[in-house]
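Text of entry_32.cif (mmCIF, C-alpha atoms) as supplied:
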data_query
loop_
_atom_site.label_atom_id
_atom_site.label_comp_id
_atom_site.auth_asym_id
_atom_site.auth_seq_id
_atom_site.Cartn_x
_atom_site.Cartn_y
_atom_site.Cartn_z
CA SER A 1 -78.39 6.85 -162.19
CA LEU A 2 -77.87 3.46 -160.60
CA GLN A 3 -78.67 0.33 -162.48
CA ASP A 4 -81.03 -2.27 -161.01
CA TRP A 5 -78.30 -4.69 -159.90
CA GLN A 6 -76.44 -1.90 -158.05
CA ARG A 7 -79.55 -0.85 -156.08
CA GLU A 8 -80.12 -4.44 -154.93
CA GLN A 9 -76.55 -4.97 -153.73
CA ARG A 10 -76.30 -5.05 -149.95
CA ASP A 11 -73.37 -4.73 -147.59
CA ASP A 12 -74.38 -7.34 -145.04
CA LEU A 13 -73.88 -11.07 -145.40
CA THR A 14 -76.03 -13.63 -143.61
CA PHE A 15 -74.53 -16.55 -141.76
CA SER A 16 -75.95 -19.10 -144.17
CA GLU A 17 -74.50 -17.21 -147.15
CA ALA A 18 -71.06 -17.06 -145.50
CA ARG A 19 -71.24 -20.78 -144.66
CA HIS A 20 -72.19 -21.55 -148.27
CA VAL A 21 -69.24 -19.52 -149.63
CA LEU A 22 -66.79 -21.21 -147.23
CA TRP A 23 -68.15 -24.65 -148.10
CA LYS A 24 -67.68 -24.00 -151.82
CA ARG A 25 -64.11 -22.94 -151.13
CA ARG A 26 -63.36 -25.68 -148.57
CA ALA A 27 -60.17 -26.77 -150.36
CA VAL A 28 -58.73 -23.24 -150.00
CA VAL A 29 -59.83 -23.05 -146.35
CA ALA A 30 -58.33 -26.46 -145.55
CA GLY A 31 -55.10 -25.60 -147.39
CA CYS A 32 -54.69 -22.31 -145.50
CA THR A 33 -55.39 -24.07 -142.20
CA LEU A 34 -52.75 -26.72 -142.90
CA VAL A 35 -50.17 -24.10 -143.95
CA PHE A 36 -50.72 -22.06 -140.77
CA LEU A 37 -50.57 -25.21 -138.64
CA ALA A 38 -47.29 -26.26 -140.28
CA VAL A 39 -45.77 -22.80 -139.74
CA ALA A 40 -46.86 -22.82 -136.07
CA LEU A 41 -45.37 -26.28 -135.51
CA LEU A 42 -42.09 -25.33 -137.21
CA TYR A 43 -41.88 -22.23 -135.03
CA ILE A 44 -42.52 -24.21 -131.84
CA LEU A 45 -40.00 -26.91 -132.75
CA SER A 46 -37.33 -24.33 -133.57
CA GLN A 47 -37.61 -22.63 -130.14
CA ASP A 48 -35.50 -23.66 -127.17
CA PRO A 49 -37.58 -25.00 -124.29
CA VAL A 50 -37.95 -22.68 -121.30
CA TYR A 51 -38.00 -23.92 -117.72
CA THR A 52 -38.55 -21.52 -114.83
CA ALA A 53 -37.40 -22.29 -111.29
CA GLU A 54 -38.49 -20.24 -108.29
CA ALA A 55 -36.86 -19.64 -104.90
CA THR A 56 -38.27 -17.64 -101.99
CA ILE A 57 -36.11 -15.52 -99.71
CA SER A 58 -37.32 -14.29 -96.33
CA VAL A 59 -36.08 -10.96 -95.01
CA ARG A 60 -37.31 -10.30 -91.47
CA SER A 61 -36.40 -7.73 -88.87
CA GLN A 62 -34.24 -8.98 -86.01
CA GLU A 63 -35.38 -8.89 -82.40
CA GLU A 64 -38.57 -7.10 -83.40
CA ILE A 65 -36.71 -3.81 -83.78
CA GLY A 66 -39.12 -2.79 -86.47
CA PRO A 67 -39.84 -3.53 -90.09
CA ALA A 68 -37.05 -5.01 -92.16
CA GLY A 69 -37.03 -1.94 -94.33
CA ASN A 70 -37.87 -1.23 -97.90
CA PHE A 71 -36.74 -3.98 -100.29
CA ASP A 72 -35.75 -1.31 -102.79
CA GLU A 73 -33.42 0.26 -100.21
CA ILE A 74 -31.92 -3.12 -99.39
CA LEU A 75 -31.47 -3.98 -103.07
CA SER A 76 -29.87 -0.63 -103.84
CA GLY A 77 -27.55 -1.17 -100.90
CA LEU A 78 -26.65 -4.61 -102.22
CA GLN A 79 -25.79 -3.25 -105.65
CA ASP A 80 -23.75 -0.33 -104.30
CA PRO A 81 -20.07 -1.24 -104.91
CA ALA A 82 -19.01 0.73 -101.83
CA ALA A 83 -21.33 -1.32 -99.61
CA SER A 84 -20.43 -4.74 -100.97
CA ARG A 85 -17.91 -6.29 -103.29
CA GLY A 86 -19.07 -6.41 -106.92
CA ARG A 87 -22.59 -6.64 -108.20
CA LEU A 88 -25.03 -9.14 -106.83
CA THR A 89 -25.99 -10.56 -110.22
CA ASP A 90 -22.35 -10.81 -111.33
CA GLU A 91 -21.49 -13.06 -108.41
CA ALA A 92 -24.71 -15.08 -108.77
CA ALA A 93 -23.98 -15.70 -112.47
CA GLU A 94 -20.45 -16.78 -111.62
CA ARG A 95 -21.63 -19.14 -108.88
CA ALA A 96 -24.29 -20.64 -111.14
CA GLY A 97 -21.66 -21.28 -113.81
CA TRP A 98 -23.56 -19.11 -116.31
CA GLU A 99 -21.51 -18.89 -119.49
CA ASP A 100 -23.92 -17.01 -121.78
CA GLY A 101 -22.98 -13.57 -120.48
CA GLN A 102 -24.15 -11.22 -117.77
CA ASP A 103 -26.79 -9.50 -119.91
CA ASP A 104 -28.42 -12.83 -120.70
CA PHE A 105 -28.38 -13.76 -117.00
CA ASN A 106 -30.05 -10.46 -116.08
CA GLN A 107 -32.76 -10.90 -118.73
CA ARG A 108 -33.65 -14.36 -117.47
CA LEU A 109 -33.80 -13.27 -113.81
CA GLU A 110 -36.97 -11.92 -112.18
CA TRP A 111 -36.96 -10.50 -108.68
CA GLU A 112 -40.12 -9.32 -106.91
CA PRO A 113 -41.22 -8.65 -103.35
CA VAL A 114 -44.12 -10.91 -102.36
CA ASN A 115 -44.94 -9.06 -99.14
CA ASP A 116 -43.04 -7.08 -96.48
CA GLU A 117 -40.93 -10.10 -95.54
CA GLU A 118 -40.46 -12.23 -98.68
CA VAL A 119 -38.82 -11.92 -102.06
CA ARG A 120 -39.55 -14.29 -104.95
CA VAL A 121 -36.69 -15.05 -107.34
CA ARG A 122 -37.44 -16.68 -110.71
CA PHE A 123 -34.92 -17.75 -113.29
CA SER A 124 -35.68 -19.12 -116.77
CA ALA A 125 -33.26 -21.37 -118.65
CA SER A 126 -33.27 -24.02 -121.34
CA THR A 127 -32.82 -26.90 -118.86
CA PRO A 128 -34.54 -27.44 -115.49
CA GLU A 129 -31.21 -27.91 -113.71
CA GLU A 130 -29.78 -24.62 -115.03
CA ALA A 131 -32.89 -22.74 -113.95
CA ALA A 132 -32.80 -24.14 -110.40
CA ARG A 133 -29.03 -23.67 -110.07
CA ALA A 134 -29.20 -20.01 -111.13
CA ALA A 135 -32.24 -19.17 -108.95
CA ASN A 136 -30.56 -20.78 -105.92
CA ALA A 137 -27.24 -19.04 -106.63
CA TYR A 138 -28.96 -15.65 -106.75
CA ALA A 139 -30.88 -16.41 -103.54
CA GLU A 140 -27.68 -17.47 -101.73
CA VAL A 141 -25.75 -14.39 -102.82
CA PHE A 142 -28.70 -12.15 -101.92
CA VAL A 143 -28.83 -13.61 -98.38
CA GLU A 144 -25.05 -13.27 -97.97
CA ARG A 145 -25.14 -9.65 -99.10
CA VAL A 146 -28.01 -8.77 -96.74
CA ARG A 147 -26.01 -10.27 -93.88
CA GLU A 148 -22.95 -8.22 -94.94
CA LEU A 149 -25.07 -5.05 -94.88
CA GLU A 150 -26.49 -5.76 -91.44
CA GLY A 151 -26.07 -2.72 -89.22
CA ARG A 152 -24.84 -0.47 -92.03
CA PRO A 153 -26.89 2.62 -92.79
CA VAL A 154 -28.91 2.39 -95.97
CA GLY A 155 -31.63 4.97 -95.48
CA GLY A 156 -31.41 4.04 -91.79
CA SER A 157 -29.86 1.15 -89.98
CA ILE A 158 -30.59 -2.36 -91.25
CA ALA A 159 -31.37 -4.94 -88.58
CA VAL A 160 -32.58 -7.90 -90.61
CA ASP A 161 -32.25 -11.61 -90.76
CA ALA A 162 -32.25 -13.06 -94.25
CA GLY A 163 -32.62 -16.67 -95.23
CA ILE A 164 -33.77 -18.90 -98.04
CA GLU A 165 -37.35 -19.82 -97.25
CA ARG A 166 -37.77 -22.21 -100.18
CA VAL A 167 -35.01 -23.40 -102.49
CA ALA A 168 -35.67 -23.68 -106.21
CA GLU A 169 -36.39 -27.18 -107.43
CA PRO A 170 -35.81 -28.17 -111.07
CA PRO A 171 -39.22 -27.80 -112.72
CA GLU A 172 -40.80 -30.93 -114.14
CA ARG A 173 -42.56 -29.20 -117.04
CA ARG A 174 -41.75 -26.47 -119.49
CA SER A 175 -42.97 -23.07 -118.49
CA ASP A 176 -43.10 -21.47 -121.92
CA ARG A 177 -46.60 -20.85 -123.18
CA GLU A 178 -45.88 -21.25 -126.86
CA VAL A 179 -46.44 -25.01 -126.84
CA PHE A 180 -49.83 -24.46 -125.21
CA LEU A 181 -50.73 -21.71 -127.67
CA ALA A 182 -49.69 -23.87 -130.64
CA ALA A 183 -51.88 -26.70 -129.37
CA ILE A 184 -54.81 -24.31 -129.19
CA ALA A 185 -54.06 -22.96 -132.66
#
As structure tokens, please, write out the structure in this file.
Amino acid sequence: SLQDWQREQRDDLTFSEARHVLWKRRAVVAGCTLVFLAVALLYILSQDPVYTAEATISVRSQEEIGPAGNFDEILSGLQDPAASRGRLTDEAAERAGWEDGQDDFNQRLEWEPVNDEEVRVRFSASTPEEAARAANAYAEVFVERVRELEGRPVGGSIAVDAGIERVAEPPERRSDREVFLAAIA
């Protein structure tokens, strides 16, 4: 048998009751808020800044022979050691003067086709100059390798003209979102 106080107990809490409980415990709420804010600020200040530079490469068919081909086929041809000397990213890292290792260079590099004729290259680094230098180095090596492959069969004959459509400029602002998220927090 339930006692009277147990029958009257309810599971829901009204907004005014919750507000009253929080107001009575405002010192605890304010203390927790300040602790979380301090932890978020320490985390943000301990992180290296991230700047992302972006270059655009155009890859167009020559003399209107047909489409430039599949970017995946071109990229696989560029990374084939028999088709070109060394790996594309190895040479780009060397040209950019990247000293933190090839794996780190590969993790910071993003490569994506924009449409049938353009490739966007993004590189993230701790300084704006490093980011732009690495993105431009990759774009230059990519264009050189496409020109080396011209006329060679890679799933068909390649008849393309490659060029840097837009060089990467050093970004003016950080591109990491953590500062923005900490400000919101």
Expand the PyMOL selection byres ((chain A and resi 110) around 10) into the individual residues it matches in the shown file, reporting them as a list in words.
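With the shown file as input, the PyMOL selection byres ((chain A and resi 110) around 10) matches Glu54, Asn106, Gln107, Arg108, Leu109, Trp111, Glu112, Arg120, Val121, Arg122, Phe123, Ser124 and Ala135 of chain A.
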Tell me which residues come within 12 Å of (-19.4, -7.8, -117.7), as number ranges by chain, counting only C-alpha atoms in the file's coordinates.
A: 86-87, 89-91, 93-94, 99-106
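You will find atom CA of A:Val146 at 8.5 Å from atom CA of A:Val59.
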Taking the point (-40.3, -18.3, -117.3) as given in the file, collect each protein or nucleic acid residue that comes within 7 Å of it, counting all atoms listed in the file, and present the set as a PyMOL selection string.
chain A and resi 50-52+123-124+175-176
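Take atom CA of A:Val21 and atom CA of A:Thr33: the distance between them is 16.4 Å.
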List, as a ChimeraX atom specification, every residue that the PyMOL selection byres ((chain A and resi 57) around 8) selects in the file provided.
/A:55-56,58-59,118-121,139,143,162-166
Go ahead and write the selection's residues with C-alpha atoms as a PDB file, in the frame of the given file.
ATOM      1  CA  ALA A  55     -36.860 -19.640-104.900  1.00  0.00           C
ATOM      2  CA  THR A  56     -38.270 -17.640-101.990  1.00  0.00           C
ATOM      3  CA  SER A  58     -37.320 -14.290 -96.330  1.00  0.00           C
ATOM      4  CA  VAL A  59     -36.080 -10.960 -95.010  1.00  0.00           C
ATOM      5  CA  GLU A 118     -40.460 -12.230 -98.680  1.00  0.00           C
ATOM      6  CA  VAL A 119     -38.820 -11.920-102.060  1.00  0.00           C
ATOM      7  CA  ARG A 120     -39.550 -14.290-104.950  1.00  0.00           C
ATOM      8  CA  VAL A 121     -36.690 -15.050-107.340  1.00  0.00           C
ATOM      9  CA  ALA A 139     -30.880 -16.410-103.540  1.00  0.00           C
ATOM     10  CA  VAL A 143     -28.830 -13.610 -98.380  1.00  0.00           C
ATOM     11  CA  ALA A 162     -32.250 -13.060 -94.250  1.00  0.00           C
ATOM     12  CA  GLY A 163     -32.620 -16.670 -95.230  1.00  0.00           C
ATOM     13  CA  ILE A 164     -33.770 -18.900 -98.040  1.00  0.00           C
ATOM     14  CA  GLU A 165     -37.350 -19.820 -97.250  1.00  0.00           C
ATOM     15  CA  ARG A 166     -37.770 -22.210-100.180  1.00  0.00           C
TER      16      ARG A 166
END
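Between atom CA of A:Ala96 and atom CA of A:Asp161 the separation is 23.7 Å.
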When distances are computed from all atoms listed in the file, which of A:Phe15, A:Pro128, A:Tyr138, A:Arg147 shows the smallest separation from A:Glu169?
A:Pro128
I need the residue nearest A:Glu144 from this list: A:Leu88, A:Leu13, A:Ala53, A:Ala40. Use only C-alpha atoms for the distance.
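When distances to A:Glu144 are compared using only C-alpha atoms, the smallest one comes from A:Leu88.
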Write out as JSON an axis-aligned box for stretch 15-29 of chain A: all of its atoms listed in the file, 5 Å added on each side, centre and edge lengths in Å with one decimal.
{"center_x": -67.3, "center_y": -21.7, "center_z": -146.8, "size_x": 27.2, "size_y": 20.2, "size_z": 20.1}
Given all atoms listed in the file as the counted atoms, nearest of A:Pro113, A:Gly97, A:Gly31, A:Pro170 to A:Thr127:
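Closest residue, counting all atoms listed in the file: A:Pro170.
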For A:Val141, list every protein, DNA or RNA residue within 7 Å, evaluated using all atoms listed in the file, and leave out those in the same chain fewer than 4 positions away; present the list as JSON, numbers by chain.
{"A": [88, 92, 137, 145]}
